[in-house]
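> My structure is below; once you've seen it, I'll send some questions.
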Amino acid sequence: MREFSIGSFIDIGANLMKEHVNLLVDNGQTCGFVKGETIYRQGERAEDICFLLSGQAKSVLINSSGGECLLRLHLSHSLMGLTALATSATRDAEAIAITDGELVRIPRQKFQVLLKENPDFGVYVVELLVNRMSDFHHRVGDFLARNVEQRLAHSLLSLSRCDPEKETVSRRQPVCLTHEELASLLNSRRPTITAILNRFVADGLISKNGRSLNVIDAERLEHFLPRS
């Protein structure tokens with residue numbers, strides 16, 4: 001799947017098959033977005049599904065007090081807003097652009113027709129939803145069983161996984177989240193995340209390059225994870 005799973009180590013998948021991409025483009029409206037733009041808002045009526053042609057975006061849950069929880073990081077060719085397929089078609093989170101890019105908005109009814117008429121595409125969407133549910137269950141388990149240091153180590157390993165769509169597939173990717181975003185992702189506080197990251201740097205587990213974090217000793221970082 002074209003997104004980062006945080007709770008479980010699910011590999012980042014390759015892009016959708018070309019014929020499926022063409023189906024989505026032909027049945028939707030293409031539009032651009034810029035970094036920081038809100039693609040859709042939590043609580044609004046979900047009239048369409050979004051397919052990222054290029055760029056990256058994040059799904060963020062806003063709680064009643066205005067706090068944010070980072071749910072998911074989407075890469076190009078990721079499907080977003082699948083709650084439009086629910087019985088009560090309401091956005092359960094906000095989607096915010098991380099970079100500039102383009103997306104396709106496919107109306108709910110047309111997307112449902114695509115699922116019915118293209119079984120292999122329907123299987124892909126089912127697998128995607130099951131993987132997201134599995135990832136959510138793992139993250140809930142992490143909150144209950146692991147401390148912040150362990151959750152941060154796990155997240156850095158997950159977020160630095162190789163992307164098969166990039167030339168540097170043999171190397172880990174830099175983690176380009178801010179300390180605040182990592183705190184939101186892990187249900188923690190920014191000062192706590194900063195302190196742990198500084199310890200990881202001092203111990204030679206990661207390095208900092210501007211606003212990017214690079215995992216340089218994944219094997220030792222894995223030692224923070226509890227053994228099953």
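Every chain in the structure tokens takes a letter, A first, then B, and so on in the order presented; its residues are numbered from 1, and the ligands are numbered from 1 following the presented order.
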Identify, on the basis of only C-alpha atoms, every residue whose closest approach to region 174-176 of chain A does not exceed 10 Å; exclude the query and any residue fewer than 2 positions from it along the same chain; express the result as a ChimeraX atom specification.
/A:98,155-162,171-172,178-179,181-182,207-215
> Give me the residues within 6 Å of Phe33 (chain A) as a PyMOL selection string, counting only C-alpha atoms and dropping any in the same chain fewer than 2 places off.
chain A and resi 100-102
> List as a PyMOL selection string the protein and nucleic acid residues near region 145-149 of chain A, meaning an atom at most 12 Å away when only C-alpha atoms are counted, but skip any in the same chain fewer than 6 places from it.
chain A and resi 7+138-139+155-156+182-200+221-228
> Would you write out those residues with N, CA, C and O atoms, as a CSV table (one decimal), in the first residue's frame?

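The result, stored in selection20.csv:
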chain,number,residue,atom,x,y,z
A,7,GLY,N,1.9,0.9,13.1
A,7,GLY,CA,1.8,-0.1,14.1
A,7,GLY,C,2.4,-1.4,13.7
A,7,GLY,O,3.1,-2.1,14.5
A,138,HIS,N,-2.7,-2.6,15.9
A,138,HIS,CA,-1.3,-2.7,16.4
A,138,HIS,C,-0.9,-1.4,17.2
A,138,HIS,O,-0.3,-1.4,18.2
A,139,ARG,N,-1.4,-0.2,16.7
A,139,ARG,CA,-1.1,1.0,17.3
A,139,ARG,C,-1.7,1.1,18.7
A,139,ARG,O,-1.2,1.6,19.7
A,155,SER,N,8.4,3.6,15.4
A,155,SER,CA,8.0,4.6,14.4
A,155,SER,C,9.1,5.0,13.5
A,155,SER,O,8.9,5.1,12.2
A,156,LEU,N,10.3,5.2,14.0
A,156,LEU,CA,11.4,5.6,13.2
A,156,LEU,C,11.8,4.5,12.2
A,156,LEU,O,12.1,4.7,11.0
A,182,LEU,N,5.7,14.0,15.4
A,182,LEU,CA,6.0,12.7,16.0
A,182,LEU,C,5.3,12.6,17.3
A,182,LEU,O,4.8,11.5,17.6
A,183,ALA,N,5.2,13.7,18.1
A,183,ALA,CA,4.5,13.6,19.3
A,183,ALA,C,3.0,13.4,19.1
A,183,ALA,O,2.4,12.6,19.8
A,184,SER,N,2.5,14.0,18.1
A,184,SER,CA,1.1,13.7,17.7
A,184,SER,C,0.8,12.3,17.3
A,184,SER,O,-0.2,11.7,17.6
A,185,LEU,N,1.8,11.8,16.6
A,185,LEU,CA,1.7,10.4,16.1
A,185,LEU,C,1.7,9.4,17.2
A,185,LEU,O,1.0,8.4,17.2
A,186,LEU,N,2.5,9.7,18.3
A,186,LEU,CA,2.7,8.7,19.3
A,186,LEU,C,2.0,9.0,20.6
A,186,LEU,O,2.2,8.4,21.6
A,187,ASN,N,1.1,10.0,20.6
A,187,ASN,CA,0.3,10.4,21.7
A,187,ASN,C,1.2,10.8,22.9
A,187,ASN,O,1.0,10.3,24.0
A,188,SER,N,2.1,11.7,22.6
A,188,SER,CA,3.1,12.1,23.6
A,188,SER,C,3.2,13.6,23.5
A,188,SER,O,2.4,14.3,22.9
A,189,ARG,N,4.3,14.2,24.1
A,189,ARG,CA,4.5,15.6,24.2
A,189,ARG,C,5.8,15.9,23.4
A,189,ARG,O,6.8,15.1,23.5
A,190,ARG,N,5.9,17.1,22.8
A,190,ARG,CA,7.0,17.4,22.0
A,190,ARG,C,8.3,17.4,22.8
A,190,ARG,O,9.3,16.9,22.4
A,191,PRO,N,8.4,18.0,24.0
A,191,PRO,CA,9.6,18.0,24.8
A,191,PRO,C,10.1,16.5,25.1
A,191,PRO,O,11.3,16.3,25.1
A,192,THR,N,9.2,15.6,25.3
A,192,THR,CA,9.6,14.2,25.6
A,192,THR,C,10.2,13.6,24.3
A,192,THR,O,11.2,12.9,24.4
A,193,ILE,N,9.6,13.9,23.2
A,193,ILE,CA,10.1,13.3,21.9
A,193,ILE,C,11.5,13.9,21.6
A,193,ILE,O,12.4,13.2,21.2
A,194,THR,N,11.6,15.2,21.8
A,194,THR,CA,12.9,15.9,21.6
A,194,THR,C,14.0,15.3,22.5
A,194,THR,O,15.1,15.0,22.0
A,195,ALA,N,13.7,15.1,23.7
A,195,ALA,CA,14.7,14.5,24.6
A,195,ALA,C,15.1,13.1,24.2
A,195,ALA,O,16.3,12.8,24.2
A,196,ILE,N,14.2,12.3,23.8
A,196,ILE,CA,14.5,10.9,23.4
A,196,ILE,C,15.3,10.9,22.1
A,196,ILE,O,16.3,10.2,21.9
A,197,LEU,N,14.9,11.8,21.1
A,197,LEU,CA,15.7,11.9,19.9
A,197,LEU,C,17.1,12.3,20.1
A,197,LEU,O,18.0,11.8,19.5
A,198,ASN,N,17.3,13.2,21.1
A,198,ASN,CA,18.6,13.7,21.4
A,198,ASN,C,19.5,12.5,21.9
A,198,ASN,O,20.7,12.4,21.7
A,199,ARG,N,18.8,11.7,22.7
A,199,ARG,CA,19.6,10.5,23.3
A,199,ARG,C,19.9,9.5,22.1
A,199,ARG,O,21.0,8.9,22.1
A,200,PHE,N,19.0,9.3,21.2
A,200,PHE,CA,19.2,8.4,20.1
A,200,PHE,C,20.4,9.0,19.2
A,200,PHE,O,21.2,8.2,18.7
A,221,LEU,N,18.5,0.0,17.1
A,221,LEU,CA,17.2,0.6,17.4
A,221,LEU,C,16.1,-0.4,17.6
A,221,LEU,O,15.3,-0.2,18.5
A,222,GLU,N,16.2,-1.5,16.9
A,222,GLU,CA,15.3,-2.6,17.1
A,222,GLU,C,15.4,-3.2,18.5
A,222,GLU,O,14.4,-3.9,19.0
A,223,HIS,N,16.5,-3.1,19.2
A,223,HIS,CA,16.7,-3.6,20.6
A,223,HIS,C,15.8,-3.0,21.6
A,223,HIS,O,15.5,-3.5,22.7
A,224,PHE,N,15.2,-1.8,21.2
A,224,PHE,CA,14.3,-1.1,22.1
A,224,PHE,C,12.9,-1.8,22.1
A,224,PHE,O,12.1,-1.6,23.0
A,225,LEU,N,12.6,-2.6,21.1
A,225,LEU,CA,11.3,-3.2,20.9
A,225,LEU,C,11.3,-4.4,21.8
A,225,LEU,O,12.2,-5.2,21.8
A,226,PRO,N,10.1,-4.6,22.5
A,226,PRO,CA,10.0,-5.9,23.3
A,226,PRO,C,9.9,-7.1,22.4
A,226,PRO,O,9.4,-7.1,21.3
A,227,ARG,N,10.6,-8.2,22.8
A,227,ARG,CA,10.6,-9.4,22.1
A,227,ARG,C,9.3,-10.2,22.4
A,227,ARG,O,8.8,-10.3,23.5
A,228,SER,N,8.7,-10.7,21.3
A,228,SER,CA,7.5,-11.5,21.4
A,228,SER,C,7.8,-12.9,21.8
A,228,SER,O,8.9,-13.4,21.6
> Once DSSP has gone over the backbone, tell me which residues of region 2-222 of chain A are in strand (DSSP E or B), as an MDAnalysis selection string.
chainID A and resid 3:4 29:33 38:40 45 48:54 57:62 68:74 79:80 90 94:97 101:107 175 206:209 212:215
> For the alpha helix (DSSP H) assignment from backbone DSSP, which residues of chain A qualify? Please present them as an MDAnalysis selection string.
chainID A and resid 18:26 108:117 119:145 148:159 179:186 190:202 218:222
> Let me make sure I understand: among A:Ala57, A:Leu115, A:Leu70, A:Val130, which one has the smallest atom-to-atom distance to Leu85 (chain A) if we use only C-alpha atoms?
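Looking only at the distances to Leu85 (chain A), the closest residue turns out to be A:Leu115.
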> Go ahead and compute the interatomic distance for CA of Val21 (chain A) and CA of Ser78 (chain A), in Å to one decimal.
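Computing the Euclidean distance for CA of Val21 (chain A) and CA of Ser78 (chain A) yields 10.6 Å.
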> Separation of CA of Phe136 (chain A) and CA of Thr38 (chain A), in Å?
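These atoms are spaced 23.0 Å apart.
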